[in-house]
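Source file: input.txt; contents: compact mmCIF, C-alpha atoms.
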# COMPACT_ATOMS: atom_id res chain seq x y z
CA GLU H 30 9.16 1.90 3.68
CA ALA H 31 7.37 1.46 7.01
CA GLY H 32 7.44 -2.03 8.49
CA VAL H 33 4.69 -4.09 10.06
CA ALA H 34 3.30 -2.26 13.07
CA GLN H 35 1.89 -4.06 16.09
CA SER H 36 0.40 -2.92 19.37
CA PRO H 37 0.51 -3.22 22.25
CA ARG H 38 4.08 -4.49 22.63
CA TYR H 39 3.41 -5.92 26.06
CA LYS H 40 0.27 -7.00 27.85
CA ILE H 41 -0.26 -8.67 31.23
CA ILE H 42 -3.69 -10.03 32.08
CA GLU H 43 -5.21 -12.56 34.41
CA LYS H 44 -6.66 -15.82 33.15
CA ARG H 45 -10.22 -15.62 31.89
CA GLN H 46 -9.75 -11.97 30.90
CA SER H 47 -9.78 -10.84 27.28
CA VAL H 48 -7.12 -9.15 25.18
CA ALA H 49 -6.86 -7.75 21.66
CA PHE H 50 -3.84 -7.20 19.47
CA TRP H 51 -3.67 -4.92 16.46
CA CYS H 52 -1.57 -5.18 13.32
CA ASN H 53 -0.99 -2.82 10.42
CA PRO H 54 0.84 -4.58 7.57
CA ILE H 55 3.21 -3.11 5.03
CA SER H 56 1.30 -1.00 2.54
CA GLY H 57 0.24 -3.01 -0.48
CA HIS H 58 0.77 -6.42 1.10
CA ALA H 59 -2.30 -8.51 0.39
CA THR H 60 -1.46 -11.41 2.69
CA LEU H 61 -1.43 -11.09 6.47
CA TYR H 62 -0.55 -13.73 9.04
CA TRP H 63 -0.82 -14.11 12.78
CA TYR H 64 1.72 -16.41 14.43
CA GLN H 65 2.02 -17.54 18.04
CA GLN H 66 5.56 -17.99 19.37
CA ILE H 67 5.84 -19.68 22.74
CA LEU H 68 9.17 -19.23 24.53
CA GLY H 69 11.79 -21.60 23.10
CA GLN H 70 9.64 -22.59 20.14
CA GLY H 71 9.32 -21.50 16.55
CA PRO H 72 6.37 -19.44 15.33
CA LYS H 73 3.16 -21.36 14.76
CA LEU H 74 0.61 -20.08 12.24
CA LEU H 75 -2.75 -19.16 13.77
CA ILE H 76 -4.47 -17.59 10.78
CA GLN H 77 -3.69 -16.36 7.27
CA PHE H 78 -5.69 -13.72 5.39
CA GLN H 79 -5.59 -12.95 1.70
CA ASN H 80 -7.01 -9.44 1.44
CA ASN H 81 -9.93 -9.70 3.90
CA GLY H 82 -10.68 -13.39 3.32
CA VAL H 83 -9.41 -16.25 5.50
CA VAL H 84 -7.05 -18.66 3.70
CA ASP H 85 -6.04 -20.89 6.62
CA ASP H 86 -7.28 -20.90 10.20
CA SER H 87 -6.87 -24.61 10.85
CA GLN H 88 -4.65 -24.07 13.92
CA LEU H 89 -6.67 -21.23 15.44
CA PRO H 90 -8.38 -22.30 18.71
CA LYS H 91 -11.72 -20.96 17.62
CA ASP H 92 -13.40 -21.43 20.98
CA ARG H 93 -11.30 -18.58 22.38
CA PHE H 94 -9.40 -16.91 19.54
CA SER H 95 -10.87 -14.75 16.81
CA ALA H 96 -9.34 -12.56 14.15
CA GLU H 97 -10.61 -10.18 11.55
CA ARG H 98 -9.15 -8.09 8.78
CA LEU H 99 -11.49 -5.33 7.84
CA LYS H 100 -11.12 -3.66 4.43
CA GLY H 101 -8.13 -5.89 3.67
CA VAL H 102 -5.66 -3.77 5.65
CA ASP H 103 -5.44 -3.71 9.45
CA SER H 104 -6.14 -6.82 11.49
CA THR H 105 -7.14 -7.57 15.07
CA LEU H 106 -6.52 -10.80 16.98
CA LYS H 107 -8.65 -11.35 20.08
CA ILE H 108 -8.38 -13.89 22.87
CA GLN H 109 -11.36 -14.42 25.14
CA PRO H 110 -11.13 -15.92 27.71
CA ALA H 111 -7.36 -16.19 28.06
CA LYS H 112 -5.68 -19.27 29.52
CA LEU H 113 -2.26 -19.58 31.13
CA GLU H 114 -0.97 -21.47 28.08
CA ASP H 115 -1.73 -18.46 25.87
CA SER H 116 1.32 -16.70 27.29
CA ALA H 117 3.42 -16.13 24.17
CA VAL H 118 4.54 -13.56 21.65
CA TYR H 119 1.94 -12.91 18.95
CA LEU H 120 3.65 -12.05 15.71
CA CYS H 121 1.97 -10.41 12.76
CA ALA H 122 3.54 -10.79 9.34
CA SER H 123 2.67 -9.68 5.86
CA SER H 124 3.79 -10.59 2.37
CA HIS H 125 3.24 -9.32 -1.13
CA THR H 126 2.40 -12.54 -2.93
CA GLY H 127 1.84 -15.11 -0.20
CA TYR H 128 4.42 -17.76 0.53
CA ARG H 129 5.99 -18.08 -2.92
CA THR H 130 9.23 -16.26 -2.14
CA GLY H 131 9.38 -17.04 1.56
CA GLU H 132 9.59 -13.35 2.30
CA LEU H 133 7.43 -12.82 5.32
CA PHE H 134 7.90 -9.42 6.94
CA PHE H 135 7.31 -9.69 10.66
CA GLY H 136 6.41 -7.05 13.18
CA GLU H 137 8.17 -6.89 16.55
CA GLY H 138 5.39 -8.84 18.20
CA SER H 139 3.00 -8.43 21.10
CA ARG H 140 4.18 -10.21 24.24
CA LEU H 141 1.30 -11.59 26.32
CA THR H 142 1.64 -12.80 29.88
CA VAL H 143 -1.37 -14.53 31.41
CA LEU H 144 -1.28 -14.81 35.21
CA GLN O 22 8.73 -37.24 15.55
CA LYS O 23 8.28 -33.49 15.11
CA GLU O 24 7.84 -32.25 11.56
CA VAL O 25 10.91 -29.99 11.76
CA GLU O 26 13.74 -30.46 14.24
CA GLN O 27 16.65 -28.17 14.83
CA ASP O 28 19.87 -28.35 16.83
CA PRO O 29 18.70 -26.99 20.19
CA GLY O 30 21.74 -24.95 21.13
CA PRO O 31 22.56 -22.61 22.61
CA LEU O 32 25.75 -22.31 20.63
CA SER O 33 28.67 -20.07 21.63
CA VAL O 34 31.57 -19.45 19.27
CA PRO O 35 34.49 -16.99 19.15
CA GLU O 36 34.42 -14.15 16.66
CA GLY O 37 35.68 -15.26 13.25
CA ALA O 38 34.58 -18.88 13.64
CA ILE O 39 32.62 -20.81 11.05
CA VAL O 40 29.16 -21.66 12.33
CA SER O 41 27.03 -24.57 11.16
CA LEU O 42 23.31 -24.60 11.94
CA ASN O 43 21.19 -27.58 10.97
CA CYS O 44 17.61 -28.75 10.62
CA THR O 45 16.03 -32.06 9.76
CA TYR O 46 12.48 -32.63 8.60
CA SER O 47 10.12 -35.49 7.98
CA ASN O 48 7.74 -34.22 5.28
CA SER O 49 9.12 -35.15 1.86
CA ALA O 50 6.67 -32.70 0.24
CA PHE O 51 8.65 -29.69 1.49
CA GLN O 52 10.23 -27.83 -1.41
CA TYR O 53 10.81 -24.30 -0.11
CA PHE O 54 13.43 -23.80 2.59
CA MET O 55 14.22 -20.63 4.47
CA TRP O 56 16.43 -19.40 7.25
CA TYR O 57 15.20 -16.57 9.43
CA ARG O 58 17.21 -14.62 12.00
CA GLN O 59 15.51 -13.34 15.13
CA TYR O 60 17.17 -10.86 17.45
CA SER O 61 15.99 -10.72 21.05
CA ARG O 62 12.53 -9.14 21.39
CA LYS O 63 12.28 -8.62 17.62
CA GLY O 64 10.38 -10.36 14.85
CA PRO O 65 12.15 -12.86 12.56
CA GLU O 66 13.74 -11.54 9.36
CA LEU O 67 14.46 -13.57 6.25
CA LEU O 68 18.13 -14.44 5.70
CA MET O 69 18.14 -17.05 2.96
CA TYR O 70 15.59 -18.66 0.68
CA THR O 71 16.18 -21.84 -1.32
CA TYR O 72 13.94 -23.82 -3.62
CA SER O 73 14.52 -27.60 -3.71
CA SER O 74 18.01 -29.06 -3.32
CA GLY O 75 21.36 -27.36 -3.73
CA ASN O 76 23.48 -24.57 -2.32
CA LYS O 77 22.96 -20.83 -2.20
CA GLU O 78 25.51 -18.26 -1.11
CA ASP O 79 24.95 -14.68 0.02
CA GLY O 80 27.98 -12.92 1.42
CA ARG O 81 29.10 -14.73 4.57
CA PHE O 82 26.04 -17.00 4.54
CA THR O 83 25.61 -20.30 2.68
CA ALA O 84 22.45 -22.37 2.72
CA GLN O 85 22.50 -26.04 1.77
CA VAL O 86 19.54 -28.32 1.13
CA ASP O 87 19.81 -32.11 0.84
CA LYS O 88 16.32 -33.36 0.12
CA SER O 89 17.43 -36.99 -0.10
CA SER O 90 18.51 -36.82 3.56
CA LYS O 91 15.80 -34.32 4.55
CA TYR O 92 18.52 -32.10 5.96
CA ILE O 93 19.25 -28.40 5.58
CA SER O 94 22.14 -26.33 6.86
CA LEU O 95 23.16 -22.71 7.22
CA PHE O 96 26.84 -21.86 7.35
CA ILE O 97 28.12 -18.52 8.61
CA ARG O 98 31.71 -17.64 7.76
CA ASP O 99 33.80 -15.14 9.71
CA SER O 100 31.09 -14.88 12.36
CA GLN O 101 30.61 -11.49 14.02
CA PRO O 102 29.13 -10.48 17.39
CA SER O 103 26.27 -8.92 15.39
CA ASP O 104 25.36 -12.44 14.23
CA SER O 105 24.31 -13.27 17.80
CA ALA O 106 20.63 -14.15 17.47
CA THR O 107 18.24 -17.08 17.22
CA TYR O 108 18.21 -18.78 13.83
CA LEU O 109 14.98 -20.39 12.68
CA CYS O 110 14.68 -22.76 9.78
CA ALA O 111 11.36 -22.81 7.98
CA MET O 112 10.00 -24.93 5.17
CA SER O 113 6.91 -25.34 3.06
CA ALA O 114 5.29 -27.62 0.54
CA PRO O 115 4.26 -26.05 -2.75
CA TYR O 116 2.89 -22.54 -2.99
CA GLY O 117 0.03 -21.62 -0.76
CA GLN O 118 0.81 -24.02 2.04
CA ASN O 119 1.75 -23.12 5.58
CA PHE O 120 5.37 -22.64 6.48
CA VAL O 121 6.55 -24.81 9.36
CA PHE O 122 9.22 -23.30 11.57
CA GLY O 123 11.84 -25.14 13.57
CA PRO O 124 12.25 -24.29 17.27
CA GLY O 125 15.35 -22.20 16.62
CA THR O 126 19.00 -22.30 17.65
CA ARG O 127 20.36 -19.47 19.77
CA LEU O 128 23.82 -18.38 18.65
CA SER O 129 26.23 -16.21 20.61
CA VAL O 130 29.38 -14.92 18.90
CA LEU O 131 31.87 -13.78 21.50
CA PRO O 132 34.26 -10.90 20.73

Once you've parsed the file, please lay out its structure as structure tokens.
Amino acid sequence: EAGVAQSPRYKIIEKRQSVAFWCNPISGHATLYWYQQILGQGPKLLIQFQNNGVVDDSQLPKDRFSAERLKGVDSTLKIQPAKLEDSAVYLCASSHTGYRTGELFFGEGSRLTVL
Amino acid sequence: QKEVEQDPGPLSVPEGAIVSLNCTYSNSAFQYFMWYRQYSRKGPELLMYTYSSGNKEDGRFTAQVDKSSKYISLFIRDSQPSDSATYLCAMSAPYGQNFVFGPGTRLSVLP
């Protein structure tokens, strides 16, 4: 079974530029999550989708971050304009039934450096 | 006080040692408790999942939850160099609510 795919793995941009990250979840997983992991910290939820609807985006900085999940499969996370403090690893995860079992399957992450 | 706190580490132990990793939390509504392992430059992977209080064993790993003390632990017996990773505790209130992750403890098992 293929895992969660993310791209790009690494991205370096200057502040005020924009960046987009792509995620393809495990086939059949209805729930998709984007997490931000700053160095030395645990992952922090940015947004959760159930199929193509948003379940929780309470911690998403909506003035600069946006995310969509078209057709309930792939998802894109965009940052525009980027700030220095956005330097982090952006992790995509998917699960079959939401949080009930705790089984979130994570991708390898997209590492963003903002200069 | 942060919602979930974890021993900061890093922790270095010799191969074969028993390792104890711990987290404390403040939200008494948490009922689901997980331990994730994260290798360098990889995404976290689920190790153990526990609902409410009690112990759970899986091979060399044992998870303990003490809700009265708001304290959870992960024990690793006969630690191996392949156990070298960052261990993240995570917890959640009832179904549908966000999981909160601890900051992680980096473990190195030396051959």

*Counting only C-alpha atoms, the option among H:Leu68, H:Ala49, H:Ile42, H:Ala31 closest to Thr107 of chain O*: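 The shortest atom-to-atom distance to Thr107 of chain O comes from H:Leu68.
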
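Shortest atom-to-atom contact with chain O among H:Asn81, H:Thr105, H:Ser47, H:Ser139: H:Ser139, counting all atoms listed in the file.
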
*Find the distance between atom CA of Ser116 of chain H and atom CA of Ile41 of chain H and write it in Å to one decimal.*
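Between these atoms lies a distance of 9.1 Å.
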
Produce a table with one row for each residue of chain H that has an atom at most 12 Å from any atom of chain O, each row naming the nearest atom pair and its distance in Å at one decimal; use all atoms listed in the file; arrange rows by chain and rising residue number; format as CSV.
residue,atom,partner,partner_atom,distance
H:Gly32,CA,O:Gly64,CA,10.9
H:Val33,CA,O:Gly64,CA,9.7
H:Ala34,CA,O:Gly64,CA,10.9
H:Gln35,CA,O:Gly64,CA,10.6
H:Arg38,CA,O:Arg62,CA,9.7
H:Tyr39,CA,O:Arg62,CA,10.7
H:Thr60,CA,O:Gly117,CA,10.9
H:Tyr62,CA,O:Asn119,CA,10.3
H:Trp63,CA,O:Asn119,CA,11.8
H:Tyr64,CA,O:Gly64,CA,10.6
H:Gln65,CA,O:Phe122,CA,11.3
H:Gln66,CA,O:Pro124,CA,9.4
H:Ile67,CA,O:Pro124,CA,9.6
H:Leu68,CA,O:Pro124,CA,9.4
H:Gly69,CA,O:Pro124,CA,6.4
H:Gln70,CA,O:Pro124,CA,4.2
H:Gly71,CA,O:Pro124,CA,4.1
H:Pro72,CA,O:Phe122,CA,6.1
H:Lys73,CA,O:Phe122,CA,7.1
H:Leu74,CA,O:Asn119,CA,7.4
H:Leu75,CA,O:Asn119,CA,10.1
H:Ile76,CA,O:Asn119,CA,9.8
H:Gln77,CA,O:Asn119,CA,8.8
H:Phe78,CA,O:Gly117,CA,11.5
H:Gln79,CA,O:Gly117,CA,10.6
H:Val84,CA,O:Gly117,CA,8.9
H:Asp85,CA,O:Asn119,CA,8.2
H:Asp86,CA,O:Asn119,CA,10.4
H:Ser87,CA,O:Asn119,CA,10.2
H:Gln88,CA,O:Asn119,CA,10.6
H:Ala117,CA,O:Arg62,CA,11.8
H:Val118,CA,O:Arg62,CA,9.1
H:Tyr119,CA,O:Gly64,CA,9.7
H:Leu120,CA,O:Gly64,CA,7.0
H:Cys121,CA,O:Gly64,CA,8.7
H:Ala122,CA,O:Gly64,CA,8.8
H:Ser123,CA,O:Glu66,CA,11.8
H:Ser124,CA,O:Leu67,CA,11.7
H:Thr126,CA,O:Gly117,CA,9.6
H:Gly127,CA,O:Gly117,CA,6.8
H:Tyr128,CA,O:Gly117,CA,6.0
H:Arg129,CA,O:Tyr116,CA,5.4
H:Thr130,CA,O:Tyr70,CA,7.4
H:Gly131,CA,O:Tyr70,CA,6.5
H:Glu132,CA,O:Leu67,CA,6.3
H:Leu133,CA,O:Leu67,CA,7.1
H:Phe134,CA,O:Glu66,CA,6.7
H:Phe135,CA,O:Gly64,CA,5.2
H:Gly136,CA,O:Gly64,CA,5.4
H:Glu137,CA,O:Gly64,CA,4.5
H:Gly138,CA,O:Gly64,CA,6.2
H:Ser139,CA,O:Arg62,CA,9.6
H:Arg140,CA,O:Arg62,CA,8.9

*Exercise: Ser73 of chain O partners within 9 Å, only C-alpha atoms, chain neighbours under 3 positions left out, as a list in words*: Phe51, Gln52, Tyr53, Phe54, Val86, Asp87 and Lys88 of chain O

_So that I can check the surroundings of Ala38 of chain O, please list as a list in words every protein, DNA and RNA residue that reaches within 10 Å of it, counting all atoms listed in the file and ignoring chain neighbours fewer than 6 positions away._
Ile97, Arg98, Asp99, Ser100, Gln101, Val130 and Leu131 of chain O

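Atom pair atom CA of Lys23 of chain O / atom CA of Thr45 of chain O has a distance of 9.5 Å (rounded to one decimal).
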
*One decimal, Å: what's the distance from atom CA of Leu99 of chain H over to atom CA of Val48 of chain H, could you say?*
18.3 Å

Would you place a box with edges along x, y and z of the file around all atoms of segment 74-78 of chain O listed there, add 6 Å to each of its six sides, and report the centre and edge lengths in Å to one decimal, as JSON?
{"center_x": 21.8, "center_y": -23.7, "center_z": -2.4, "size_x": 19.5, "size_y": 22.8, "size_z": 14.6}

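Every protein, DNA or RNA residue with an atom at most 9 Å from Ser104 of chain H, where all atoms listed in the file count and chain neighbours fewer than 6 positions away do not, is listed here: H:Phe50, H:Trp51, H:Cys52, H:Asn53, H:Pro54, H:Leu61, H:Asn81, H:Ala96, H:Glu97, H:Arg98, H:Cys121.
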